[in-house]
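**Student:** The following block contains the structure, expressed as structure tokens.
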Amino acid sequence: MRISACLAATLLATLVMSCAINPNERAGMTMENAQHTVPRHQDAALEQARRGWALGCAAVLTERNHHSHTSLAGRDLTEIAKAETRVILADWWGVNSRADLLGTLAWLEEEGHRTDFEIVGTLMTQLTQQEYERLLAAEDKPEAICKMEIARTYYPIFGAKSLYGWDYGRAICLCRWAYVAGYIGEEEAWNRIMPIARSLQQKFDSWEDFGHNFLIGRQFWSYEQTTNNGWQCEDAVQRLLDMRDSPWNRYPWDLDLSEDDPAPDQPKELPGAVVARLTTLREMVR
């Protein structure tokens, strides 16, 4: 097989464009506000532990930002905090309203960066070592090279776990920040967070397993951010594993999170658009 510069350019365009698309556009902004049921009142201590466990799924960024792990907001609810959080959501997530928020949450639950990871991983693992090396040699963009290397290495290792730790962990972070920003209330935040947390518990084996997936997902998301400040998240993960009072050591991974409402994610086929993109890439390397 001969790897052409055209193929490399096409792969790069696909990878970079897919990450540049606004999550709201990908979600189509057609998702209606899901109806969530309020959890049953249970023993206060157990419910507090369950919520603490769920906040642990947002702990990497919480620890990196030096916020609290013990409350939904993670900080004092002030007008300054609200304004600062709204700026962060607008700059980093394109979230300027409740509608934007719901669209982004839908994207994280239904697609996220794991969609591109699975597409690139499927393609990279089908190449021989020689074909893979030629493809890397033809590519001069560090961002694209990084994605190809990570996908080829971790796609077969992660399997069904994909990048759920990265996508769903950020979804819980987003719910927390949206609460601080005033886009959702406390009850709605918890009703959205808990099913995501249960899904993560089913997909991973331990806090360490989850944390590793989160870090690899971040590397796949951005070569630039990984180069600039990836060490901050790596240090955060290590502190969470080592600190006696961290949520990762306070709450066992197998804590009973059971509830009547089902987790939001179930195994499903890839969307038609994803299959079409993957088919096109396959044809180009034949």
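Ligands are numbered from 1 in the order shown, residues from 1 within each chain, and chains are lettered A, B, ... in the order they appear in the structure tokens.
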What parts of range 16-261 of chain A does DSSP call helix (DSSP H, G or I)? I'd like the answer as a PyMOL selection string.

**Tutor:** chain A and resi 16-20+23-27+44-56+59-64+79-93+98-110+114-126+129-138+142-161+164-181+186-203+207-221+223-242+247-250

**Student:** So which residues touch Tyr223 in chain A within 9 Å, counting only C-alpha atoms, skipping near sequence neighbours fewer than 6 positions away, as a VMD selection string?

**Tutor:** chain A and resid 142 to 144 146 to 147

**Student:** Per residue of range 181-213 of chain A within 12 Å of range 108-121 of chain A, note the shortest atom pair and the distance in Å to one decimal, counting only C-alpha atoms, and order the rows by chain and increasing residue number, as JSON lines.

**Tutor:**
```
{"residue": "A:Arg192", "atom": "CA", "partner": "A:Glu109", "partner_atom": "CA", "distance": 10.9}
{"residue": "A:Ile193", "atom": "CA", "partner": "A:Glu109", "partner_atom": "CA", "distance": 11.4}
{"residue": "A:Pro195", "atom": "CA", "partner": "A:Glu109", "partner_atom": "CA", "distance": 10.9}
{"residue": "A:Ile196", "atom": "CA", "partner": "A:Glu109", "partner_atom": "CA", "distance": 8.4}
{"residue": "A:Ala197", "atom": "CA", "partner": "A:Glu109", "partner_atom": "CA", "distance": 11.8}
{"residue": "A:Ser199", "atom": "CA", "partner": "A:Glu109", "partner_atom": "CA", "distance": 10.5}
{"residue": "A:Leu200", "atom": "CA", "partner": "A:Glu109", "partner_atom": "CA", "distance": 11.4}
{"residue": "A:Asn213", "atom": "CA", "partner": "A:Arg114", "partner_atom": "CA", "distance": 10.9}
```

**Student:** Identify, on the basis of only C-alpha atoms, every residue whose closest approach to range 237-239 of chain A does not exceed 10 Å; exclude the query and any residue fewer than 3 positions from it along the same chain; express the result as number ranges by chain.

**Tutor:** A: 59-61, 63-64, 207-208, 210-212, 214-215, 231-234, 242-244, 246, 248

**Student:** Please indicate the distance in Å from CA of Asp76 in chain A to CA of Gly230 in chain A, rounded to one decimal place.

**Tutor:** 27.0 Å

**Student:** If I take CA of Leu174 in chain A and CA of Ala81 in chain A, how far is one from the other in Å, to one decimal?

**Tutor:**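 The value is 14.7 Å.
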
**Student:** Neighbours of Glu186 in chain A within 10 Å (only C-alpha atoms; same-chain residues fewer than 5 positions away dropped), as an NGL selection string?

**Tutor:** :A and (72-73 or 175-176 or 178-180 or 191)

**Student:** Include C-alpha atoms and write out the residues we just selected as a compact mmCIF listing (two decimals), in the first residue's frame.

**Tutor:**
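Below is the file that was written, part26.txt:
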```txt
# COMPACT_ATOMS: atom_id res chain seq x y z
CA LEU A 72 -21.67 20.33 44.47
CA ALA A 73 -20.40 23.85 43.77
CA CYS A 175 -23.10 19.90 35.63
CA ARG A 176 -21.24 21.27 38.64
CA ALA A 178 -23.55 24.90 35.30
CA TYR A 179 -24.96 24.90 38.83
CA VAL A 180 -22.48 27.57 39.91
CA ASN A 191 -30.48 14.14 38.84
```

**Student:** For CA of Trp166 in chain A and CA of Glu131 in chain A, determine how far apart the two atoms are, in Å to one decimal place.

**Tutor:**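 So the answer is 29.3 Å.
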
**Student:** Find, counting only C-alpha atoms, the residue in A:Lys141, A:Arg152, A:Ile172, A:Lys203 that gets nearest to Thr128 in chain A.

**Tutor:**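 Comparing A:Lys141, A:Arg152, A:Ile172, A:Lys203 against Thr128 in chain A, the winner is A:Arg152.
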